[in-house]
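See below for final.tsv, which holds TSV, C-alpha atoms.
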```
chain	number	residue	atom	x	y	z
A	1	MET	CA	-39.24	-48.32	-81.91
A	2	ARG	CA	-37.87	-51.85	-81.74
A	3	GLU	CA	-39.97	-54.03	-79.46
A	4	GLU	CA	-38.21	-55.43	-76.42
A	5	PRO	CA	-37.67	-59.21	-76.64
A	6	LEU	CA	-39.74	-61.34	-74.33
A	7	VAL	CA	-37.65	-62.56	-71.40
A	8	SER	CA	-39.06	-65.43	-69.34
A	9	ILE	CA	-38.16	-65.82	-65.67
A	10	ALA	CA	-38.19	-69.37	-64.30
A	11	LEU	CA	-38.68	-69.06	-60.55
A	12	CYS	CA	-39.03	-72.05	-58.23
A	13	THR	CA	-40.34	-71.76	-54.69
A	14	TYR	CA	-40.57	-73.86	-51.56
A	15	ASN	CA	-41.63	-72.42	-48.21
A	16	GLY	CA	-40.40	-68.98	-49.19
A	17	THR	CA	-42.93	-66.78	-47.43
A	18	LYS	CA	-40.37	-64.61	-45.67
A	19	PHE	CA	-38.58	-63.29	-48.75
A	20	ILE	CA	-40.64	-64.07	-51.85
A	21	ARG	CA	-42.31	-60.63	-51.95
A	22	LYS	CA	-38.98	-58.83	-52.13
A	23	GLN	CA	-37.78	-61.07	-54.93
A	24	LEU	CA	-40.99	-60.70	-56.94
A	25	ASP	CA	-40.92	-56.92	-56.46
A	26	SER	CA	-37.35	-56.73	-57.71
A	27	ILE	CA	-38.25	-58.78	-60.81
A	28	LEU	CA	-41.39	-56.80	-61.60
A	29	ASP	CA	-39.41	-53.56	-61.20
A	30	GLN	CA	-36.87	-54.46	-63.89
A	31	THR	CA	-36.06	-51.75	-66.43
A	32	HIS	CA	-36.77	-54.40	-69.07
A	33	LYS	CA	-40.56	-54.60	-68.96
A	34	ASN	CA	-41.42	-57.32	-71.51
A	35	LEU	CA	-41.34	-60.16	-69.00
A	36	GLU	CA	-43.04	-63.49	-68.43
A	37	ILE	CA	-42.62	-64.75	-64.87
A	38	VAL	CA	-43.29	-68.47	-64.46
A	39	VAL	CA	-43.38	-69.61	-60.84
A	40	VAL	CA	-43.57	-73.28	-59.90
A	41	ASP	CA	-44.11	-74.02	-56.24
A	42	ASP	CA	-42.78	-77.35	-55.00
A	43	CYS	CA	-45.47	-78.25	-52.43
A	44	SER	CA	-44.90	-75.42	-49.96
A	45	THR	CA	-46.61	-75.84	-46.60
A	46	ASP	CA	-46.63	-72.11	-45.76
A	47	ASP	CA	-48.27	-69.14	-47.51
A	48	THR	CA	-45.85	-69.00	-50.44
A	49	TYR	CA	-48.33	-70.10	-53.10
A	50	LYS	CA	-51.02	-67.72	-51.83
A	51	ILE	CA	-48.58	-64.81	-52.02
A	52	ILE	CA	-47.60	-65.74	-55.58
A	53	SER	CA	-51.25	-66.10	-56.57
A	54	ASP	CA	-52.03	-62.66	-55.18
A	55	TYR	CA	-49.24	-61.18	-57.29
A	56	ALA	CA	-50.51	-63.02	-60.38
A	57	GLU	CA	-53.96	-61.48	-59.93
A	58	LYS	CA	-52.43	-58.00	-60.00
A	59	ASP	CA	-49.90	-58.47	-62.82
A	60	ASN	CA	-50.70	-60.62	-65.85
A	61	ARG	CA	-47.02	-61.11	-66.61
A	62	LEU	CA	-46.91	-63.66	-63.80
A	63	ARG	CA	-48.21	-67.25	-63.98
A	64	CYS	CA	-48.02	-69.69	-61.09
A	65	TYR	CA	-48.26	-73.45	-60.75
A	66	LYS	CA	-48.13	-75.81	-57.78
A	67	ASN	CA	-46.76	-79.34	-57.89
A	68	GLU	CA	-48.88	-82.13	-56.50
A	69	VAL	CA	-45.76	-84.07	-55.53
A	70	ASN	CA	-42.42	-82.60	-54.44
A	71	GLN	CA	-40.01	-82.62	-57.38
A	72	GLY	CA	-36.73	-81.35	-55.90
A	73	TYR	CA	-34.86	-78.35	-57.31
A	74	ASN	CA	-33.44	-79.93	-60.50
A	75	LYS	CA	-36.75	-81.28	-61.78
A	76	ASN	CA	-38.68	-78.28	-60.55
A	77	PHE	CA	-36.47	-75.86	-62.50
A	78	GLU	CA	-36.75	-78.16	-65.51
A	79	LYS	CA	-40.52	-77.95	-65.22
A	80	ALA	CA	-40.49	-74.16	-64.84
A	81	ILE	CA	-38.28	-73.77	-67.91
A	82	SER	CA	-40.61	-76.03	-69.92
A	83	PHE	CA	-43.50	-73.63	-69.19
A	84	THR	CA	-41.65	-70.55	-70.52
A	85	THR	CA	-42.21	-69.10	-74.01
A	86	GLY	CA	-39.64	-66.30	-74.33
A	87	ASN	CA	-36.58	-66.44	-76.57
A	88	TYR	CA	-34.52	-65.54	-73.49
A	89	ILE	CA	-34.86	-67.21	-70.11
A	90	ALA	CA	-33.49	-66.22	-66.70
A	91	ILE	CA	-33.31	-68.37	-63.59
A	92	SER	CA	-34.46	-66.98	-60.25
A	93	ASP	CA	-34.21	-68.19	-56.68
A	94	GLN	CA	-36.97	-67.27	-54.26
A	95	ASP	CA	-35.07	-65.21	-51.71
A	96	ASP	CA	-32.61	-62.99	-53.58
A	97	ILE	CA	-33.02	-59.39	-54.74
A	98	TRP	CA	-32.28	-58.35	-58.32
A	99	MET	CA	-30.76	-55.05	-59.35
A	100	PRO	CA	-33.26	-53.08	-61.51
A	101	HIS	CA	-31.09	-53.22	-64.62
A	102	LYS	CA	-30.15	-56.91	-64.36
A	103	ILE	CA	-32.05	-58.20	-67.41
A	104	THR	CA	-31.18	-55.14	-69.51
A	105	SER	CA	-27.46	-55.50	-68.77
A	106	LEU	CA	-27.37	-59.22	-69.52
A	107	LEU	CA	-29.29	-58.82	-72.78
A	108	GLU	CA	-26.95	-56.07	-73.97
A	109	ARG	CA	-23.90	-58.28	-73.47
A	110	MET	CA	-25.26	-61.65	-74.54
A	111	GLY	CA	-23.92	-61.46	-78.10
A	112	ASP	CA	-23.96	-64.76	-79.98
A	113	ASN	CA	-23.47	-66.80	-76.80
A	114	TRP	CA	-25.97	-69.30	-75.48
A	115	LEU	CA	-25.60	-68.24	-71.86
A	116	ILE	CA	-24.38	-65.25	-69.91
A	117	PHE	CA	-23.90	-65.03	-66.14
A	118	SER	CA	-23.05	-62.21	-63.79
A	119	ASN	CA	-21.81	-61.62	-60.27
A	120	SER	CA	-23.49	-61.28	-56.87
A	121	TYR	CA	-22.73	-60.04	-53.42
A	122	TYR	CA	-23.98	-61.53	-50.17
A	123	ILE	CA	-26.78	-60.22	-47.96
A	124	ASN	CA	-28.32	-61.42	-44.70
A	125	ASP	CA	-31.94	-61.68	-43.54
A	126	GLU	CA	-32.08	-57.92	-43.03
A	127	ASP	CA	-30.88	-57.20	-46.60
A	128	GLU	CA	-27.54	-55.99	-45.24
A	129	ARG	CA	-24.39	-56.75	-47.19
A	130	ILE	CA	-22.10	-59.29	-45.54
A	131	ARG	CA	-18.66	-60.66	-46.46
A	132	GLU	CA	-18.02	-57.20	-47.91
A	133	GLU	CA	-14.59	-58.14	-49.19
A	134	ARG	CA	-16.03	-60.86	-51.41
A	135	THR	CA	-18.32	-61.37	-54.35
A	136	LEU	CA	-19.65	-64.74	-55.46
A	137	VAL	CA	-17.17	-65.02	-58.35
A	138	MET	CA	-13.61	-63.75	-57.93
A	139	GLY	CA	-10.50	-64.01	-60.08
A	140	LEU	CA	-12.22	-65.47	-63.14
A	141	ASP	CA	-10.74	-64.82	-66.59
A	142	LEU	CA	-13.27	-66.63	-68.73
A	143	ALA	CA	-11.50	-65.76	-71.97
A	144	SER	CA	-8.53	-67.92	-70.99
A	145	SER	CA	-10.55	-70.75	-69.42
A	146	ASN	CA	-11.76	-73.99	-70.94
A	147	TYR	CA	-14.16	-76.67	-69.73
A	148	LYS	CA	-11.58	-78.04	-67.27
A	149	SER	CA	-12.03	-74.98	-65.05
A	150	LEU	CA	-15.56	-76.21	-64.26
A	151	LEU	CA	-14.73	-79.82	-63.44
A	152	LEU	CA	-13.81	-79.36	-59.77
A	153	THR	CA	-15.80	-76.26	-58.88
A	154	ASN	CA	-18.83	-74.39	-60.17
A	155	TYR	CA	-18.81	-70.65	-60.73
A	156	VAL	CA	-21.88	-70.49	-63.03
A	157	THR	CA	-24.68	-70.14	-60.50
A	158	GLY	CA	-28.26	-70.42	-61.72
A	159	HIS	CA	-29.56	-67.22	-60.16
A	160	THR	CA	-27.07	-65.14	-62.19
A	161	THR	CA	-27.84	-66.61	-65.62
A	162	LEU	CA	-29.69	-65.60	-68.75
A	163	PHE	CA	-29.78	-67.99	-71.70
A	164	LYS	CA	-31.26	-68.34	-75.16
A	165	ARG	CA	-34.06	-70.78	-75.91
A	166	GLU	CA	-31.90	-72.63	-78.44
A	167	PHE	CA	-29.61	-73.68	-75.58
A	168	ILE	CA	-32.40	-75.81	-74.08
A	169	ASN	CA	-31.78	-78.43	-76.76
A	170	TYR	CA	-28.33	-79.03	-75.30
A	171	PHE	CA	-28.94	-79.19	-71.54
A	172	LEU	CA	-32.42	-80.66	-71.06
A	173	PRO	CA	-33.34	-82.96	-69.52
A	174	PHE	CA	-31.31	-82.15	-66.42
A	175	PRO	CA	-29.45	-85.09	-64.89
A	176	GLU	CA	-31.39	-86.56	-61.98
A	177	LYS	CA	-28.43	-86.02	-59.68
A	178	GLY	CA	-25.94	-83.19	-59.40
A	179	PHE	CA	-26.57	-79.48	-59.83
A	180	TYR	CA	-28.54	-78.14	-62.80
A	181	ASP	CA	-26.58	-74.87	-63.05
A	182	TRP	CA	-23.19	-76.62	-62.96
A	183	TRP	CA	-24.43	-78.82	-65.82
A	184	MET	CA	-25.60	-75.80	-67.85
A	185	GLY	CA	-22.36	-73.91	-67.28
A	186	PHE	CA	-20.23	-76.89	-68.25
A	187	ILE	CA	-22.06	-77.40	-71.55
A	188	ALA	CA	-22.00	-73.71	-72.49
A	189	LEU	CA	-18.30	-73.43	-71.65
A	190	TYR	CA	-17.45	-76.66	-73.46
A	191	HIS	CA	-18.89	-75.20	-76.67
A	192	GLN	CA	-17.37	-71.76	-75.95
A	193	LYS	CA	-20.83	-70.18	-76.06
A	194	ILE	CA	-20.73	-68.47	-72.68
A	195	ALA	CA	-20.04	-64.95	-71.43
A	196	PHE	CA	-19.34	-63.52	-67.98
A	197	LEU	CA	-20.39	-60.02	-66.97
A	198	ASP	CA	-18.32	-59.17	-63.89
A	199	GLU	CA	-20.94	-56.86	-62.47
A	200	VAL	CA	-23.03	-57.39	-59.34
A	201	LEU	CA	-26.60	-57.75	-60.56
A	202	THR	CA	-28.00	-59.87	-57.72
A	203	LYS	CA	-28.05	-59.57	-53.96
A	204	TYR	CA	-27.54	-63.19	-52.96
A	205	ARG	CA	-29.13	-64.04	-49.63
A	206	ILE	CA	-27.36	-66.18	-47.06
A	207	HIS	CA	-29.68	-66.88	-44.13
A	208	GLU	CA	-30.24	-69.46	-41.43
A	209	ALA	CA	-32.71	-71.48	-43.50
A	210	SER	CA	-30.51	-71.70	-46.59
A	211	VAL	CA	-28.96	-75.00	-47.65
A	212	ILE	CA	-25.46	-73.49	-47.74
A	213	GLN	CA	-25.77	-72.04	-44.25
A	214	LYS	CA	-26.98	-75.36	-42.86
A	215	ARG	CA	-23.94	-77.05	-44.37
A	216	ASN	CA	-21.61	-74.47	-42.86
A	217	ASN	CA	-23.24	-74.70	-39.45
A	218	SER	CA	-23.06	-78.50	-39.39
A	219	GLY	CA	-19.51	-78.72	-40.72
A	220	GLN	CA	-20.67	-80.73	-43.71
A	221	GLU	CA	-19.86	-78.38	-46.59
A	222	LYS	CA	-16.36	-79.61	-47.46
A	223	ARG	CA	-17.38	-83.24	-47.11
A	224	GLU	CA	-20.40	-82.77	-49.37
A	225	VAL	CA	-18.42	-80.84	-51.98
A	226	ILE	CA	-15.76	-83.53	-52.18
A	227	LYS	CA	-18.36	-86.30	-52.51
A	228	THR	CA	-20.16	-84.33	-55.19
A	229	ILE	CA	-17.10	-84.21	-57.46
A	230	ASP	CA	-17.17	-87.93	-58.29
A	231	GLN	CA	-20.86	-87.70	-59.13
A	232	THR	CA	-20.42	-84.56	-61.23
A	233	LEU	CA	-17.49	-85.94	-63.20
A	234	SER	CA	-19.50	-89.07	-63.98
A	235	ILE	CA	-22.37	-86.92	-65.28
A	236	PHE	CA	-20.09	-84.72	-67.38
A	237	ALA	CA	-18.30	-87.72	-68.87
A	238	GLU	CA	-21.63	-88.89	-70.30
A	239	TYR	CA	-22.35	-85.66	-72.18
A	240	LYS	CA	-23.10	-86.90	-75.69
A	241	ARG	CA	-21.35	-84.09	-77.58
A	242	LEU	CA	-17.93	-84.56	-75.98
A	243	GLU	CA	-14.93	-85.23	-78.17
A	244	ASP	CA	-13.42	-88.63	-77.39
A	245	GLU	CA	-10.27	-87.08	-75.97
A	246	ASP	CA	-12.23	-84.85	-73.59
A	247	ALA	CA	-14.52	-87.68	-72.47
A	248	ALA	CA	-11.44	-89.75	-71.69
A	249	PHE	CA	-9.88	-86.92	-69.69
A	250	ILE	CA	-12.98	-86.40	-67.56
A	251	ALA	CA	-13.36	-90.14	-66.95
A	252	GLY	CA	-9.68	-90.34	-66.08
A	253	LEU	CA	-10.00	-87.53	-63.53
A	254	ARG	CA	-13.02	-89.28	-62.03
A	255	ASP	CA	-11.12	-92.57	-61.81
A	256	ALA	CA	-8.21	-90.78	-60.15
A	257	TYR	CA	-10.59	-89.45	-57.52
A	258	ARG	CA	-12.03	-92.91	-56.95
A	259	ALA	CA	-8.57	-94.41	-56.54
A	260	ASN	CA	-7.73	-91.64	-54.09
A	261	PHE	CA	-10.84	-92.45	-52.04
A	262	SER	CA	-11.28	-96.21	-52.14
A	263	GLN	CA	-7.79	-97.53	-52.81
A	264	LYS	CA	-5.89	-94.72	-51.08
A	265	LYS	CA	-3.69	-94.29	-54.14
A	266	SER	CA	-2.98	-90.57	-54.39
A	267	TRP	CA	-0.52	-90.60	-57.26
A	268	PRO	CA	-3.09	-90.82	-60.11
A	269	LEU	CA	-4.88	-87.70	-58.80
A	270	VAL	CA	-1.64	-85.91	-58.02
A	271	ASN	CA	-0.41	-86.64	-61.54
A	272	VAL	CA	-3.54	-85.20	-63.15
A	273	ILE	CA	-3.23	-82.05	-61.05
A	274	LEU	CA	0.45	-81.64	-61.90
A	275	LYS	CA	-0.29	-81.80	-65.63
A	276	ASN	CA	-3.45	-79.67	-65.59
A	277	TYR	CA	-3.10	-77.35	-62.59
A	278	LYS	CA	-3.53	-74.07	-64.47
A	279	GLU	CA	-6.70	-75.25	-66.23
A	280	LEU	CA	-8.30	-77.01	-63.26
A	281	PHE	CA	-7.63	-74.29	-60.67
A	282	TYR	CA	-8.38	-71.05	-62.51
A	283	ASP	CA	-8.45	-68.89	-59.37
A	284	HIS	CA	-5.22	-70.14	-57.75
A	285	LYS	CA	-1.83	-68.50	-57.91
A	286	VAL	CA	0.84	-69.65	-60.34
A	287	ARG	CA	2.76	-72.63	-58.99
A	288	LYS	CA	5.76	-74.52	-60.28
A	289	GLY	CA	8.16	-77.19	-59.12
A	290	LEU	CA	8.02	-78.13	-55.45
A	291	SER	CA	5.22	-75.66	-54.72
A	292	LEU	CA	3.02	-77.33	-57.32
A	293	LEU	CA	3.87	-80.82	-56.06
A	294	ASN	CA	3.09	-79.86	-52.47
A	295	PHE	CA	-0.25	-78.40	-53.53
A	296	ALA	CA	-1.22	-81.54	-55.48
A	297	VAL	CA	-0.31	-83.86	-52.59
A	298	LYS	CA	-2.16	-81.73	-50.03
A	299	TYR	CA	-5.21	-81.51	-52.28
A	300	ALA	CA	-5.35	-85.30	-52.66
A	301	ARG	CA	-4.94	-85.84	-48.94
A	302	LYS	CA	-7.66	-83.33	-48.09
A	303	ALA	CA	-10.02	-84.89	-50.63
A	304	ARG	CA	-9.51	-88.28	-49.01
A	305	LYS	CA	-9.98	-86.85	-45.52
A	306	PHE	CA	-13.42	-85.49	-46.35
A	307	ALA	CA	-14.52	-88.45	-48.48
```

Full structure transcribed into structure tokens:
Amino acid sequence: MREEPLVSIALCTYNGTKFIRKQLDSILDQTHKNLEIVVVDDCSTDDTYKIISDYAEKDNRLRCYKNEVNQGYNKNFEKAISFTTGNYIAISDQDDIWMPHKITSLLERMGDNWLIFSNSYYINDEDERIREERTLVMGLDLASSNYKSLLLTNYVTGHTTLFKREFINYFLPFPEKGFYDWWMGFIALYHQKIAFLDEVLTKYRIHEASVIQKRNNSGQEKREVIKTIDQTLSIFAEYKRLEDEDAAFIAGLRDAYRANFSQKKSWPLVNVILKNYKELFYDHKVRKGLSLLNFAVKYARKARKFA
């Protein structure tokens, strides 16, 4: 029989006592058994590290580390990935629940891509499905998308991904700012080495302690998303393997955003949207003429409002 490839799981934790057992159980119960689970705890002040250590004593597939100084999620995931040894690596959050066949399904559909990602549905603190009409990714046709579809929004979320070790040479080190998974997705899509499996393989937890829920509750989400775009575009524009034309486009979109914010000149941003609407807004309906113009103007105004 052909031996299963070693798949490493990079799992980062911080004060995750409430849900970490369920996530570890769902990982250890995968149908794909040749696993290496690397957990890096980012200075938790609760019992998270003790729980992980207890699991490690019972299952030698799990190794755990604890940072002496808080690293933040980007650098902590970078550290966890650096400790892995498998030819395939999956990212894990501390409070989700994986479907038993998640790794098997992603491996089967990886092909010659560097990265594959899947879908999720939302659960609450009691593991009950919420927002039942929605999944995390909706309306995505990856085959007809290019890198521009990831410039204004991210649909490649870390907890859904599996990637090959060779891909590390392209995305590490992570930028100090921004979101590590957005960066990974952008690079994989730019080189057309990415696949999407539109199957729910993760139960994605939304709870009171989550960053996203805090943003929603405080009314900060839209404002933070808009402010993040300028930062993200600046990071993407510096990717060393960009063609000159693509680097210029990304920098131009960033400059249009800055003009929209600081100088209150909407036309540069409106113009970019008019010319690139279909590529930039993959999940929006087809628009032409006055409908397209109205959308571009409203988008620019809303971006300025939340700046």

Quick check, in Å to one decimal: how far apart do CA of Leu269 in chain A and CA of Leu233 in chain A lie?
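Going from CA of Leu269 in chain A over to CA of Leu233 in chain A covers 13.5 Å.
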
Might you pull out every residue within 8 Å of range 196-204 of chain A, with only C-alpha atoms counted and same-chain residues fewer than 3 positions away left off, and present them as a PyMOL selection string?
chain A and resi 95-99+101-102+106+109+116-123+135+142+159-160

Please write the residues from the selection above to a file, keeping C-alpha atoms, as a PDB file, in the coordinates of the input.
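This is the output file out_13.pdb:
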```pdb
ATOM      1  CA  ASP A  95     -35.070 -65.210 -51.710  1.00  0.00           C
ATOM      2  CA  ASP A  96     -32.610 -62.990 -53.580  1.00  0.00           C
ATOM      3  CA  ILE A  97     -33.020 -59.390 -54.740  1.00  0.00           C
ATOM      4  CA  TRP A  98     -32.280 -58.350 -58.320  1.00  0.00           C
ATOM      5  CA  MET A  99     -30.760 -55.050 -59.350  1.00  0.00           C
ATOM      6  CA  HIS A 101     -31.090 -53.220 -64.620  1.00  0.00           C
ATOM      7  CA  LYS A 102     -30.150 -56.910 -64.360  1.00  0.00           C
ATOM      8  CA  LEU A 106     -27.370 -59.220 -69.520  1.00  0.00           C
ATOM      9  CA  ARG A 109     -23.900 -58.280 -73.470  1.00  0.00           C
ATOM     10  CA  ILE A 116     -24.380 -65.250 -69.910  1.00  0.00           C
ATOM     11  CA  PHE A 117     -23.900 -65.030 -66.140  1.00  0.00           C
ATOM     12  CA  SER A 118     -23.050 -62.210 -63.790  1.00  0.00           C
ATOM     13  CA  ASN A 119     -21.810 -61.620 -60.270  1.00  0.00           C
ATOM     14  CA  SER A 120     -23.490 -61.280 -56.870  1.00  0.00           C
ATOM     15  CA  TYR A 121     -22.730 -60.040 -53.420  1.00  0.00           C
ATOM     16  CA  TYR A 122     -23.980 -61.530 -50.170  1.00  0.00           C
ATOM     17  CA  ILE A 123     -26.780 -60.220 -47.960  1.00  0.00           C
ATOM     18  CA  THR A 135     -18.320 -61.370 -54.350  1.00  0.00           C
ATOM     19  CA  LEU A 142     -13.270 -66.630 -68.730  1.00  0.00           C
ATOM     20  CA  HIS A 159     -29.560 -67.220 -60.160  1.00  0.00           C
ATOM     21  CA  THR A 160     -27.070 -65.140 -62.190  1.00  0.00           C
TER      22      THR A 160
END
```

Please indicate the distance in Å from CA of Glu224 in chain A to CA of Ser262 in chain A, rounded to one decimal place.
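According to the coordinates, CA of Glu224 in chain A and CA of Ser262 in chain A are separated by 16.5 Å.
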
Place a sphere of radius 12 Å on (-50.5, -65.1, -66.8) in the file coordinates and name every protein, DNA or RNA residue with an atom inside or on its surface, counting all atoms listed in the file; give the answer as a ChimeraX atom specification.
/A:8,35-39,52-65,83-85

What's around range 288-303 of chain A at 8 Å? Count only C-alpha atoms, leave out sequence neighbours fewer than 6 positions away in its own chain, and write the answer as an mmCIF file with C-alpha atoms, keeping the file's coordinate frame.
```cif
data_model
loop_
_atom_site.group_PDB
_atom_site.id
_atom_site.type_symbol
_atom_site.label_atom_id
_atom_site.label_comp_id
_atom_site.auth_asym_id
_atom_site.auth_seq_id
_atom_site.Cartn_x
_atom_site.Cartn_y
_atom_site.Cartn_z
ATOM 1 C CA ILE A 226 -15.760 -83.530 -52.180
ATOM 2 C CA ASN A 260 -7.730 -91.640 -54.090
ATOM 3 C CA PHE A 261 -10.840 -92.450 -52.040
ATOM 4 C CA SER A 266 -2.980 -90.570 -54.390
ATOM 5 C CA LEU A 269 -4.880 -87.700 -58.800
ATOM 6 C CA VAL A 270 -1.640 -85.910 -58.020
ATOM 7 C CA ASN A 271 -0.410 -86.640 -61.540
ATOM 8 C CA ILE A 273 -3.230 -82.050 -61.050
ATOM 9 C CA LEU A 274 0.450 -81.640 -61.900
#
```

In Å, rounded to a single decimal, give me how far CA of Val137 in chain A is from CA of Pro173 in chain A.
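Computing the Euclidean distance for CA of Pro173 in chain A and CA of Val137 in chain A yields 26.6 Å.
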
What's the 7 Å shell around Thr45 in chain A, counting all atoms listed in the file, without same-chain residues fewer than 2 positions away, as a list in words?
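Close residues of Thr45 in chain A: Asn15, Cys43 and Asp47 of chain A.
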
Let's have the selection written as an mmCIF file, keeping the file's coordinate frame, with C-alpha atoms.
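Written file, out_32.cif:
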```cif
data_model
loop_
_atom_site.group_PDB
_atom_site.id
_atom_site.type_symbol
_atom_site.label_atom_id
_atom_site.label_comp_id
_atom_site.auth_asym_id
_atom_site.auth_seq_id
_atom_site.Cartn_x
_atom_site.Cartn_y
_atom_site.Cartn_z
ATOM 1 C CA ASN A 15 -41.630 -72.420 -48.210
ATOM 2 C CA CYS A 43 -45.470 -78.250 -52.430
ATOM 3 C CA ASP A 47 -48.270 -69.140 -47.510
#
```

May I ask which of the residues A:Ser82, A:Gln23, A:Asn276, A:Asn34 is the closest one to Phe174 in chain A, counting all atoms listed in the file?
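The answer is A:Ser82, which sits nearest to Phe174 in chain A.
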